[in-house]
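Below is one structure, written out as structure tokens, with a few remarks after it.
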Amino acid sequence: MDKDILEINEISGSKMYDLMKELYPICRSITGDGVRQTLKIISKHIQLSIHEVPTGTKVFDWTVPKEWNIRDAYVKNSKGDKVIDFKKSNLHVLNYSIPVNKKLTLEELREHLYTLPEYPDWIPYLTSYYNENWGFCLSQKDYDKLKDDMYEVVIDSSLEEGSLTYGEYYIKGETEEEVLFTCYVCHPSMCNDNLSGIVVLTYIAQIISKLKLKKSYRFLFIPETIGSITWLSRNEKNVSNIKYGLVVTCCGDNNPVLYKKSRMGNTEIDNIVQKVLLDSKQNYTIKEFVPWGSDERQFCSPGFNLPVGCLTRGLFSGNFEKYHTSADNFELVKPEYLKDTLEKCIEIIYVIENNATYINLNPKCEPQLGKRGLYRAIGSQKKLLTSHAAMFWILNKSDGNNSLLDIANHSGLSFREIKNTADLLVKEKLLKEI
Amino acid sequence: MDKDILEINEISGSKMYDLMKELYPICRSITGDGVRQTLKIISKHIQLSIHEVPTGTKVFDWTVPKEWNIRDAYVKNSKGDKVIDFKKSNLHVLNYSIPVNKKLTLEELREHLYTLPEYPDWIPYLTSYYNENWGFCLSQKDYDKLKDDMYEVVIDSSLEEGSLTYGEYYIKGETEEEVLFTCYVCHPSMCNDNLSGIVVLTYIAQIISKLKLKKSYRFLFIPETIGSITWLSRNEKNVSNIKYGLVVTCCGDNNPVLYKKSRMGNTEIDNIVQKVLLDSKQNYTIKEFVPWGSDERQFCSPGFNLPVGCLTRGLFSGNFEKYHTSADNFELVKPEYLKDTLEKCIEIIYVIENNATYINLNPKCEPQLGKRGLYRAIGSQKKLLTSHAAMFWILNKSDGNNSLLDIANHSGLSFREIKNTADLLVKEKLLKEI
Amino acid sequence: MDKDILEINEISGSKMYDLMKELYPICRSITGDGVRQTLKIISKHIQLSIHEVPTGTKVFDWTVPKEWNIRDAYVKNSKGDKVIDFKKSNLHVLNYSIPVNKKLTLEELREHLYTLPEYPDWIPYLTSYYNENWGFCLSQKDYDKLKDDMYEVVIDSSLEEGSLTYGEYYIKGETEEEVLFTCYVCHPSMCNDNLSGIVVLTYIAQIISKLKLKKSYRFLFIPETIGSITWLSRNEKNVSNIKYGLVVTCCGDNNPVLYKKSRMGNTEIDNIVQKVLLDSKQNYTIKEFVPWGSDERQFCSPGFNLPVGCLTRGLFSGNFEKYHTSADNFELVKPEYLKDTLEKCIEIIYVIENNATYINLNPKCEPQLGKRGLYRAIGSQKKLLTSHAAMFWILNKSDGNNSLLDIANHSGLSFREIKNTADLLVKEKLLKEI
């Protein structure tokens, strides 16, 4: 992998933001044409392979559900005014609502209305995937305006045999050792959850597809939960190739980057992400694994126990009250945060590609650095230069038991300082990768 | 073991307090009729077996001493007034005093008088078990009133061949794995040290004797030090059955419960007691093992090294200045503290009986909880209910390596929450005990 | 080893100070007659064996350099005044300067002058061992006085085939297990760096040479870096005997004692030094190993990885701004600090000699201490005497897994308390060394 990869990701956050704007209006769900449209747009950037898994397919303890599609939905008062209109926001419909066409009194209608009283301007996002039901979500303010009346309620949806759709992009590297990046594509018009993950992964894939890579990389664009269960069920034999994994989600807001560790908690991906965040000199948060959240729940179920963590900003932060509401929009997500997440991911890949264990070829006493021009000639040794510290640490710790990442962590120097210095020592034949 | 055991221990502290009042007047020592009378009273509540071990019996490095009995003791002035009177408090006599009957000047008498100058109203409690001696203990105030005079000094005691007496109560459970509860019965009229331990153990034994138990339970009512040494010496072959043990003592005062860990420090009893105290949401104190204190010294000697801790309130608390004085009385010990200690012991037994390791029967990805009615139908997952958290933790951690106690500790949920949820998951065939 | 060794080191610090005064004027370097003169003076106190290693000898990655000697050096102005004079301070010459005899303008001269602008009164100490060069070091104040002039520059030195010289003193004990003390003898007129190490090691060696010792002791007086590399190269086969090692340097200033751990960090020497410093009840500092500093760098290179730490006061303290300057003189170093370092080293040797693992001969229950007169007869056990605590800890922990040092650390008692009590228990046949 090229060392100057950092230059590559000078792609501005605005390109990701543009892609987000293109994807925003689509009404996605865990199945249906919304997912297909989304994957088609992503395919303009990376060569996705699209998979369709038929309704009724058994996937571990679950069954692929009927496919849901929706064309329109509204609630009309007796004057013919649409008081709730799917065309204005696809969050208005309880996701996976069955078809409806009836007249109801306000009292009858209310049993199917959902609001967020504590945030009277926001429309909540709710779903009913596995329980046949219908409903409308609306702001508390609009709810309060509804008058006693006879309402025409229409949901022009279908829930039928069909399939679950997901996209996959695989980059073959020198080895079969695999790095998994996964995001989900099942949420309707919300920016942070889940468009931010989609656009960041699309651009990571696009950037690294041009590089010579040691590891192989797999990118998944799947519906949350049922999608990761389906993918794991169909790929069970090969998951042992996954040596590093990240679920990337809710990563476009202004919270510091948050990393939730894998179930094992001390795998190489855990150590790498923590070091990259430390080296960034920015604020960040580390959380221990908990068995709820996003698809890391499935990858880290005890029968798989894969080294998969979750990279996010808002999720688990305690500072994302707009979660699953209409306020998760372009006010919340900004290009600079998307770019920052992208850069961190690229840096994580840099460490994955470059971490290795080296051996000091001259392990008995120090080598004479001066005769190789690696040490100043007039010495008082009062102040140690960083580059000297890096040399000494690498030579001292490279006994075969410590990777560059271990040395960087032990010494407190950045991974890049250690890696660059190791390259220099290799050139001087003082060090060799094992 | 029945799940609603907590209801059972609604037995009020007042019953234990009544038993304490019955036992208080008896002059106990490490041998003699005081112990026998005490065990007889306990036998009214639980079916004790009484053991007599003859004077002179070798028990490891020790020898069972002569039996000591006392009928009366006093110091009379020349007017015939009893200035010190055993009948008023049995603490007045140096425990194990040899018989005396002589006339002494005040100066001669003083060599045999013991006081606590820093607490002028309290009579100290002192012993001279293994050194033949005699003496009187009295308050500094009474000591200061003694005038130059010729005193008649009488101790009507006997120190003769006899035996050491102890009581034992064994409840056979489903397995031979044994839980040991031990207290000592050798202190004269003091409430916290040692009547509190006696009454709490009597009631624990009485309560659990009615239950179906997985483990076997052994209760010892023995003289301190020489009693535990004697018991260990006579039962050396079977002590490996002891998987959990608690010395219960000084547990009726108003200090928070204090647990002193076993010598190993990380055995299951150590983990269980700490979790029960944490789950209680009350103050408590944990102390590392030190090789002094009560009979845990013997059970935790290096040749045995048993998993035996010490459950107390006042001992090791740094807040028990009335220790070994006449002020250790019914002012210090109160029914509510006895009851609290009893409840904690019963809860410890609950965890001992119910802790087990389970295996997730559906370890690959999460099982679909919704179709089993274990998960709400309309999901925004914003707030996680405790019961959901318990389900997720149990399913995620039940890979065969984590007991329910481990899961409770890891998740921060209470043992009862975890246990109740595990029962639910077992019922749904998602979990199985291994 | 005699128990009353502490009495022995009542040798006052003034004797070490006197030796330092004798050694101070000599112009030492990594080779040459300065080292030989120094070793000759040390030989008056201990029977050093002197080694000469010829120029050109290969020692691992290094080569023994040419031998450097110097007779005189000065810079004279056109009036004939010596404006810089080696006779006044041997720091004035860049150590290892090649011979020079020329006339230079001030401008030309300045390229060979070194000062410390931030400390205008101090002469810096600088070297150019492996790069042929010449120069003068002087105070910024004197530098500022230099006027435009034609200067006569003379360095009457020689850099020729010769040898590297070092001294070694070995005391054979009962076992081959070796304790290494090493210091360096290559710095010219500075007190703390390195005369303090030299005088402390000389007196340690002198004191212990009179004792019966379990371990063997080796003292090295070598040039720094090239000397330890040379010694390791010539003694590679036997270094596995080294079980404990200390580089002693910069140990005469008023900083608290500082111990830099060995590379492994948890060896017995690390534990012993830390315990001796803790038991001293004085301030001290512990530093983790870093791969720069003094000769511990070589002993702790990955190919050797010996249990060698560094005992110092000023080094690594962040409080030694006089390091490598003319201000490292008799104002900085004082007899009482030298004496304190010496005492700590002797105490370290005391622990090395006396630490051992014992076994409780009566491991089942406590032995009866009272019948052996080890316990008071009239017991209330309210306060535990330190000697009792030591007895209980030793008996309880002596299961074959814990050394006296382990027990001292675990109990918080001093090593001497534990050792003295262990001796008592051995006498009573309750304990045996294994």
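In the structure tokens, chains take the letters A, B, ... in the order shown, each chain's residues start at 1, and ligands count up from 1 in the order shown.
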
**OP:** Compile the contact shell of Ser228 in chain C as a list of chain:residue names: residues with an atom at most 9 Å away, counting only C-alpha atoms, same-chain residues fewer than 2 positions apart removed.
**Re:** A:Cys365, C:Thr182, C:Tyr184, C:Leu220, C:Ile222, C:Pro223, C:Glu224, C:Thr225, C:Ile226, C:Thr230, C:Trp231, C:Leu232, C:Ser233, C:Asp295, C:Glu296, C:Gln298, C:Phe299

For the selection just defined, write its residues with all heavy atoms to a file, as a compact mmCIF listing (two decimals), in the first residue's frame.
# COMPACT_ATOMS: atom_id res chain seq x y z
N CYS A 365 23.89 -5.61 21.93
CA CYS A 365 24.28 -4.21 22.07
C CYS A 365 23.67 -3.40 20.93
O CYS A 365 23.08 -3.95 20.01
CB CYS A 365 25.80 -4.03 22.10
SG CYS A 365 26.57 -4.90 23.49
N THR C 182 28.13 -1.68 37.77
CA THR C 182 28.99 -1.09 36.75
C THR C 182 28.89 0.43 36.74
O THR C 182 27.84 1.01 37.04
CB THR C 182 28.69 -1.70 35.36
OG1 THR C 182 29.46 -1.04 34.38
CG2 THR C 182 27.23 -1.62 35.00
N TYR C 184 31.11 4.10 34.80
CA TYR C 184 31.99 4.42 33.69
C TYR C 184 33.04 5.44 34.12
O TYR C 184 32.85 6.20 35.06
CB TYR C 184 31.21 4.87 32.46
CG TYR C 184 30.11 5.87 32.71
CD1 TYR C 184 30.35 7.23 32.60
CD2 TYR C 184 28.84 5.44 33.06
CE1 TYR C 184 29.34 8.15 32.82
CE2 TYR C 184 27.83 6.36 33.29
CZ TYR C 184 28.09 7.72 33.18
OH TYR C 184 27.09 8.62 33.41
N LEU C 220 32.50 -3.30 37.45
CA LEU C 220 33.14 -2.87 36.21
C LEU C 220 33.40 -1.36 36.25
O LEU C 220 32.51 -0.58 36.62
CB LEU C 220 32.27 -3.19 35.00
CG LEU C 220 31.94 -4.66 34.74
CD1 LEU C 220 31.12 -4.80 33.45
CD2 LEU C 220 33.21 -5.49 34.66
N ILE C 222 34.49 1.00 33.42
CA ILE C 222 34.67 0.91 31.97
C ILE C 222 34.30 2.23 31.30
O ILE C 222 33.55 3.03 31.85
CB ILE C 222 33.74 -0.19 31.39
CG1 ILE C 222 32.29 0.06 31.81
CG2 ILE C 222 34.21 -1.56 31.80
CD1 ILE C 222 31.30 -0.96 31.33
N PRO C 223 34.83 2.49 30.10
CA PRO C 223 34.31 3.62 29.35
C PRO C 223 32.86 3.35 28.94
O PRO C 223 32.50 2.20 28.65
CB PRO C 223 35.23 3.73 28.13
CG PRO C 223 35.95 2.43 28.05
CD PRO C 223 35.98 1.84 29.42
N GLU C 224 32.04 4.38 28.95
CA GLU C 224 30.62 4.22 28.65
C GLU C 224 30.43 3.77 27.20
O GLU C 224 31.24 4.10 26.33
CB GLU C 224 29.90 5.55 28.88
CG GLU C 224 28.41 5.39 29.18
CD GLU C 224 27.72 6.74 29.46
OE1 GLU C 224 28.35 7.79 29.22
OE2 GLU C 224 26.56 6.73 29.94
N THR C 225 29.40 3.06 26.92
CA THR C 225 29.00 2.57 25.59
C THR C 225 30.06 1.63 25.01
O THR C 225 29.89 0.41 25.12
CB THR C 225 28.68 3.72 24.62
OG1 THR C 225 27.68 4.54 25.25
CG2 THR C 225 28.12 3.22 23.30
N ILE C 226 31.14 2.17 24.45
CA ILE C 226 32.14 1.29 23.82
C ILE C 226 32.73 0.31 24.84
O ILE C 226 33.05 -0.83 24.50
CB ILE C 226 33.25 2.13 23.11
CG1 ILE C 226 34.20 1.22 22.33
CG2 ILE C 226 34.03 2.97 24.11
CD1 ILE C 226 33.58 0.54 21.15
N THR C 230 32.38 -3.60 24.55
CA THR C 230 33.61 -4.39 24.54
C THR C 230 33.55 -5.49 25.59
O THR C 230 33.85 -6.66 25.31
CB THR C 230 34.82 -3.48 24.79
OG1 THR C 230 34.87 -2.49 23.76
CG2 THR C 230 36.12 -4.27 24.82
N TRP C 231 33.13 -5.12 26.80
CA TRP C 231 33.08 -6.12 27.88
C TRP C 231 32.10 -7.24 27.53
O TRP C 231 32.40 -8.43 27.70
CB TRP C 231 32.71 -5.46 29.22
CG TRP C 231 32.81 -6.43 30.35
CD1 TRP C 231 33.93 -6.73 31.07
CD2 TRP C 231 31.77 -7.29 30.84
NE1 TRP C 231 33.66 -7.71 32.00
CE2 TRP C 231 32.34 -8.08 31.87
CE3 TRP C 231 30.43 -7.48 30.51
CZ2 TRP C 231 31.61 -9.04 32.58
CZ3 TRP C 231 29.70 -8.43 31.21
CH2 TRP C 231 30.29 -9.19 32.24
N LEU C 232 30.92 -6.87 27.02
CA LEU C 232 29.92 -7.89 26.66
C LEU C 232 30.44 -8.78 25.55
O LEU C 232 30.23 -10.00 25.56
CB LEU C 232 28.60 -7.22 26.25
CG LEU C 232 27.74 -6.75 27.42
CD1 LEU C 232 26.69 -5.74 26.96
CD2 LEU C 232 27.06 -7.94 28.11
N SER C 233 31.14 -8.17 24.61
CA SER C 233 31.68 -8.94 23.49
C SER C 233 32.70 -9.98 23.98
O SER C 233 32.75 -11.10 23.48
CB SER C 233 32.31 -7.96 22.51
OG SER C 233 33.13 -8.63 21.59
N ASP C 295 24.83 2.61 30.34
CA ASP C 295 25.17 1.29 29.81
C ASP C 295 24.08 0.23 29.94
O ASP C 295 24.19 -0.85 29.35
CB ASP C 295 26.47 0.80 30.46
CG ASP C 295 27.69 1.51 29.87
OD1 ASP C 295 27.63 1.87 28.68
OD2 ASP C 295 28.66 1.72 30.59
N GLU C 296 23.01 0.55 30.70
CA GLU C 296 21.88 -0.39 30.72
C GLU C 296 21.34 -0.58 29.30
O GLU C 296 20.72 -1.62 29.02
CB GLU C 296 20.78 0.10 31.68
CG GLU C 296 20.04 1.37 31.28
CD GLU C 296 20.79 2.65 31.64
OE1 GLU C 296 21.96 2.56 32.07
OE2 GLU C 296 20.22 3.74 31.48
N GLN C 298 23.04 -1.26 26.72
CA GLN C 298 23.72 -2.40 26.13
C GLN C 298 23.33 -3.70 26.85
O GLN C 298 23.02 -4.71 26.21
CB GLN C 298 25.24 -2.21 26.17
CG GLN C 298 25.71 -0.82 25.72
CD GLN C 298 25.17 -0.38 24.35
OE1 GLN C 298 24.89 -1.20 23.47
NE2 GLN C 298 25.00 0.94 24.19
N PHE C 299 23.34 -3.66 28.18
CA PHE C 299 22.99 -4.87 28.94
C PHE C 299 21.55 -5.29 28.66
O PHE C 299 21.20 -6.46 28.72
CB PHE C 299 23.21 -4.64 30.44
CG PHE C 299 24.65 -4.43 30.80
CD1 PHE C 299 25.15 -3.17 31.15
CD2 PHE C 299 25.54 -5.50 30.77
CE1 PHE C 299 26.49 -2.97 31.46
CE2 PHE C 299 26.89 -5.31 31.09
CZ PHE C 299 27.37 -4.05 31.43

Original post:
So which residues touch Gln140 in chain A within 12 Å, counting only C-alpha atoms, skipping near sequence neighbours fewer than 4 positions away, as a PyMOL selection string?
Top reply: chain A and resi 113-124+144-146

Would you mind exporting the chosen residues as a short mmCIF file (atom, residue, chain, number, x, y, z; two decimals), in the first residue's frame, restricted to all heavy atoms?
data_model
loop_
_atom_site.label_atom_id
_atom_site.label_comp_id
_atom_site.auth_asym_id
_atom_site.auth_seq_id
_atom_site.Cartn_x
_atom_site.Cartn_y
_atom_site.Cartn_z
N LEU A 113 -51.65 6.58 15.12
CA LEU A 113 -50.79 7.75 14.98
C LEU A 113 -49.69 7.75 16.04
O LEU A 113 -49.93 7.40 17.20
CB LEU A 113 -51.62 9.04 15.12
CG LEU A 113 -52.71 9.24 14.07
CD1 LEU A 113 -53.40 10.60 14.29
CD2 LEU A 113 -52.17 9.14 12.65
N TYR A 114 -48.48 8.11 15.62
CA TYR A 114 -47.33 8.13 16.54
C TYR A 114 -46.66 9.50 16.50
O TYR A 114 -46.42 10.04 15.42
CB TYR A 114 -46.31 7.05 16.15
CG TYR A 114 -46.93 5.67 16.16
CD1 TYR A 114 -47.42 5.09 14.99
CD2 TYR A 114 -47.05 4.97 17.36
CE1 TYR A 114 -48.02 3.84 15.00
CE2 TYR A 114 -47.65 3.70 17.38
CZ TYR A 114 -48.13 3.15 16.20
OH TYR A 114 -48.73 1.93 16.23
N THR A 115 -46.35 10.04 17.67
CA THR A 115 -45.70 11.36 17.75
C THR A 115 -44.59 11.31 18.81
O THR A 115 -44.43 10.31 19.51
CB THR A 115 -46.69 12.46 18.17
OG1 THR A 115 -47.07 12.20 19.53
CG2 THR A 115 -47.91 12.50 17.28
N LEU A 116 -43.85 12.40 18.88
CA LEU A 116 -42.81 12.57 19.90
C LEU A 116 -43.17 13.79 20.74
O LEU A 116 -42.72 14.90 20.44
CB LEU A 116 -41.46 12.83 19.23
CG LEU A 116 -40.64 11.67 18.74
CD1 LEU A 116 -39.41 12.20 18.02
CD2 LEU A 116 -40.24 10.75 19.89
N PRO A 117 -43.98 13.62 21.77
CA PRO A 117 -44.44 14.81 22.53
C PRO A 117 -43.28 15.67 23.03
O PRO A 117 -43.40 16.90 23.05
CB PRO A 117 -45.22 14.19 23.69
CG PRO A 117 -45.59 12.82 23.22
CD PRO A 117 -44.52 12.37 22.30
N GLU A 118 -42.15 15.08 23.37
CA GLU A 118 -41.04 15.87 23.91
C GLU A 118 -40.34 16.73 22.84
O GLU A 118 -39.60 17.65 23.17
CB GLU A 118 -40.05 14.98 24.66
CG GLU A 118 -39.32 13.97 23.82
CD GLU A 118 -40.01 12.59 23.77
OE1 GLU A 118 -41.26 12.51 23.62
OE2 GLU A 118 -39.29 11.59 23.86
N TYR A 119 -40.54 16.38 21.55
CA TYR A 119 -39.98 17.19 20.45
C TYR A 119 -41.11 17.49 19.48
O TYR A 119 -41.26 16.81 18.46
CB TYR A 119 -38.86 16.43 19.74
CG TYR A 119 -37.67 16.14 20.62
CD1 TYR A 119 -37.39 14.84 21.05
CD2 TYR A 119 -36.82 17.17 21.03
CE1 TYR A 119 -36.30 14.57 21.86
CE2 TYR A 119 -35.73 16.90 21.84
CZ TYR A 119 -35.46 15.61 22.25
OH TYR A 119 -34.40 15.34 23.05
N PRO A 120 -41.92 18.51 19.78
CA PRO A 120 -43.21 18.67 19.05
C PRO A 120 -43.05 18.97 17.56
O PRO A 120 -44.02 18.84 16.83
CB PRO A 120 -43.88 19.83 19.79
CG PRO A 120 -42.82 20.49 20.60
CD PRO A 120 -41.76 19.48 20.86
N ASP A 121 -41.85 19.35 17.07
CA ASP A 121 -41.68 19.66 15.64
C ASP A 121 -41.21 18.46 14.82
O ASP A 121 -41.18 18.55 13.59
CB ASP A 121 -40.66 20.79 15.47
CG ASP A 121 -41.22 22.12 15.92
OD1 ASP A 121 -42.39 22.39 15.58
OD2 ASP A 121 -40.51 22.86 16.63
N TRP A 122 -40.77 17.42 15.47
CA TRP A 122 -40.13 16.33 14.74
C TRP A 122 -41.07 15.16 14.47
O TRP A 122 -41.88 14.79 15.32
CB TRP A 122 -38.93 15.79 15.53
CG TRP A 122 -37.87 16.82 15.82
CD1 TRP A 122 -37.79 18.09 15.34
CD2 TRP A 122 -36.76 16.64 16.71
NE1 TRP A 122 -36.69 18.72 15.85
CE2 TRP A 122 -36.03 17.86 16.69
CE3 TRP A 122 -36.28 15.59 17.48
CZ2 TRP A 122 -34.87 18.03 17.45
CZ3 TRP A 122 -35.13 15.76 18.22
CH2 TRP A 122 -34.42 16.98 18.20
N ILE A 123 -40.91 14.57 13.30
CA ILE A 123 -41.65 13.35 12.96
C ILE A 123 -40.81 12.16 13.41
O ILE A 123 -39.63 12.06 13.05
CB ILE A 123 -41.85 13.23 11.43
CG1 ILE A 123 -42.46 14.52 10.86
CG2 ILE A 123 -42.69 11.99 11.09
CD1 ILE A 123 -42.34 14.61 9.34
N PRO A 124 -41.36 11.26 14.20
CA PRO A 124 -40.56 10.08 14.58
C PRO A 124 -40.47 9.08 13.41
O PRO A 124 -41.32 9.09 12.52
CB PRO A 124 -41.34 9.48 15.74
CG PRO A 124 -42.74 9.94 15.57
CD PRO A 124 -42.68 11.26 14.83
N ASP A 144 -51.76 17.83 17.07
CA ASP A 144 -52.64 18.66 17.91
C ASP A 144 -53.65 19.46 17.07
O ASP A 144 -54.67 19.91 17.58
CB ASP A 144 -51.81 19.62 18.76
CG ASP A 144 -51.01 18.87 19.82
OD1 ASP A 144 -51.36 17.71 20.13
OD2 ASP A 144 -50.02 19.44 20.34
N LYS A 145 -53.33 19.63 15.78
CA LYS A 145 -54.25 20.40 14.92
C LYS A 145 -55.40 19.57 14.38
O LYS A 145 -56.35 20.12 13.81
CB LYS A 145 -53.46 20.96 13.72
CG LYS A 145 -52.53 22.12 14.08
CD LYS A 145 -51.79 22.57 12.82
CE LYS A 145 -50.54 23.35 13.16
NZ LYS A 145 -49.52 23.22 12.11
N LEU A 146 -55.31 18.26 14.51
CA LEU A 146 -56.35 17.39 13.94
C LEU A 146 -57.67 17.61 14.67
O LEU A 146 -57.72 17.65 15.90
CB LEU A 146 -55.93 15.91 14.04
CG LEU A 146 -54.70 15.51 13.23
CD1 LEU A 146 -54.36 14.04 13.49
CD2 LEU A 146 -54.92 15.74 11.74
#

Each residue of chain C with at least one atom at most 10 Å from chain A should appear once, together with its nearest atom pair and the corresponding distance in Å (one decimal); atoms considered: only C-alpha atoms; ordering: chain, then increasing residue number; output as a Markdown table.
| residue | atom | partner | partner_atom | distance |
| --- | --- | --- | --- | --- |
| C:Val59 | CA | A:Cys365 | CA | 9.5 |
| C:Phe60 | CA | A:Lys364 | CA | 7.1 |
| C:Asp61 | CA | A:Pro367 | CA | 5.4 |
| C:Trp62 | CA | A:Gln368 | CA | 6.1 |
| C:Thr63 | CA | A:Gln368 | CA | 9.3 |
| C:Leu94 | CA | A:Ile378 | CA | 8.9 |
| C:Asn95 | CA | A:Ile378 | CA | 9.6 |
| C:Pro124 | CA | A:Ser380 | CA | 8.8 |
| C:Tyr125 | CA | A:Ser380 | CA | 7.2 |
| C:Leu126 | CA | A:Ser380 | CA | 5.7 |
| C:Thr127 | CA | A:Ile378 | CA | 5.7 |
| C:Ser128 | CA | A:Ile378 | CA | 5.1 |
| C:Tyr129 | CA | A:Ala377 | CA | 8.1 |
| C:Tyr130 | CA | A:Ala377 | CA | 7.3 |
| C:Asn131 | CA | A:Ala377 | CA | 6.3 |
| C:Glu132 | CA | A:Ala377 | CA | 9.4 |
| C:Asn133 | CA | A:Ile378 | CA | 9.2 |
| C:Thr225 | CA | A:Glu366 | CA | 8.9 |
| C:Ile226 | CA | A:Gln368 | CA | 9.7 |
| C:Ser228 | CA | A:Cys365 | CA | 8.6 |
| C:Ile229 | CA | A:Cys365 | CA | 6.2 |
| C:Thr230 | CA | A:Cys365 | CA | 9.6 |
| C:Leu232 | CA | A:Cys365 | CA | 8.1 |
| C:Ser233 | CA | A:Lys364 | CA | 8.6 |
| C:Glu236 | CA | A:Lys364 | CA | 9.5 |
| C:Arg263 | CA | A:Asn396 | CA | 8.9 |
| C:Val290 | CA | A:Trp393 | CA | 7.7 |
| C:Pro291 | CA | A:Phe392 | CA | 5.7 |
| C:Trp292 | CA | A:Phe392 | CA | 7.1 |
| C:Gly293 | CA | A:Gln381 | CA | 8.8 |
| C:Asp295 | CA | A:Cys365 | CA | 9.5 |
| C:Glu296 | CA | A:Cys365 | CA | 9.8 |
| C:Arg297 | CA | A:Cys365 | CA | 7.4 |
| C:Gln298 | CA | A:Cys365 | CA | 4.5 |
| C:Phe299 | CA | A:Cys365 | CA | 7.0 |
| C:Cys300 | CA | A:Cys365 | CA | 7.8 |
| C:Ser301 | CA | A:Cys365 | CA | 5.2 |
| C:Pro302 | CA | A:Pro363 | CA | 5.4 |
| C:Gly303 | CA | A:Lys364 | CA | 4.4 |
| C:Phe304 | CA | A:Lys364 | CA | 6.1 |
| C:Asn305 | CA | A:Lys364 | CA | 9.0 |
| C:Glu321 | CA | A:Lys382 | CA | 9.2 |
| C:Tyr323 | CA | A:Lys382 | CA | 7.8 |
| C:His324 | CA | A:Ser380 | CA | 7.0 |
| C:Thr325 | CA | A:Ser380 | CA | 9.8 |

Writing out the chosen residues with C-alpha atoms as a compact mmCIF listing (two decimals), in the first residue's frame:
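As written to disk, selection.txt reads:
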# COMPACT_ATOMS: atom_id res chain seq x y z
CA VAL C 59 33.23 -5.70 19.22
CA PHE C 60 29.83 -6.60 17.75
CA ASP C 61 28.87 -3.81 15.33
CA TRP C 62 31.62 -1.52 16.68
CA THR C 63 35.43 -1.26 16.44
CA LEU C 94 36.31 18.97 22.51
CA ASN C 95 37.04 15.48 23.79
CA PRO C 124 29.90 22.69 28.04
CA TYR C 125 31.36 19.17 27.85
CA LEU C 126 31.31 17.82 24.29
CA THR C 127 32.88 14.89 22.49
CA SER C 128 33.61 13.76 18.97
CA TYR C 129 34.74 10.16 19.40
CA TYR C 130 33.96 8.65 16.03
CA ASN C 131 34.27 11.66 13.74
CA GLU C 132 37.72 13.19 13.44
CA ASN C 133 37.32 16.80 14.46
CA THR C 225 29.00 2.57 25.59
CA ILE C 226 32.14 1.29 23.82
CA SER C 228 30.20 -2.08 27.95
CA ILE C 229 29.99 -3.26 24.33
CA THR C 230 33.61 -4.39 24.54
CA LEU C 232 29.92 -7.89 26.66
CA SER C 233 31.68 -8.94 23.49
CA GLU C 236 29.36 -13.18 26.14
CA ARG C 263 13.96 -3.88 30.23
CA VAL C 290 13.62 3.44 28.11
CA PRO C 291 16.25 2.41 25.55
CA TRP C 292 18.46 5.45 26.16
CA GLY C 293 20.55 6.52 29.14
CA ASP C 295 25.17 1.29 29.81
CA GLU C 296 21.88 -0.39 30.72
CA ARG C 297 21.16 0.24 27.02
CA GLN C 298 23.72 -2.40 26.13
CA PHE C 299 22.99 -4.87 28.94
CA CYS C 300 19.29 -4.57 28.08
CA SER C 301 19.68 -4.81 24.31
CA PRO C 302 17.34 -7.53 23.01
CA GLY C 303 20.17 -9.99 22.36
CA PHE C 304 21.18 -9.88 26.05
CA ASN C 305 18.08 -8.66 27.89
CA GLU C 321 20.57 21.15 34.24
CA TYR C 323 24.61 17.81 33.27
CA HIS C 324 27.67 17.78 31.01
CA THR C 325 28.93 21.21 32.06

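For the choices A:Ser43, A:Thr267, A:Asn69, A:Asn192, the atom-to-atom distance to Ala205 in chain A is smallest for A:Ser43 when using only C-alpha atoms.
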
Original post:
Among range 148-382 of chain C, which ones does DSSP place in strand (DSSP E), written as JSON, numbers by chain?
Top reply: {"C": [150, 151, 152, 153, 154, 155, 156, 157, 158, 159, 160, 163, 164, 165, 166, 167, 168, 169, 170, 171, 178, 179, 180, 181, 182, 183, 184, 216, 217, 218, 219, 220, 221, 222, 242, 243, 244, 245, 246, 247, 248, 257, 258, 259, 260, 284, 285, 286, 287, 308, 309, 310, 311, 312, 357, 358, 359, 360]}
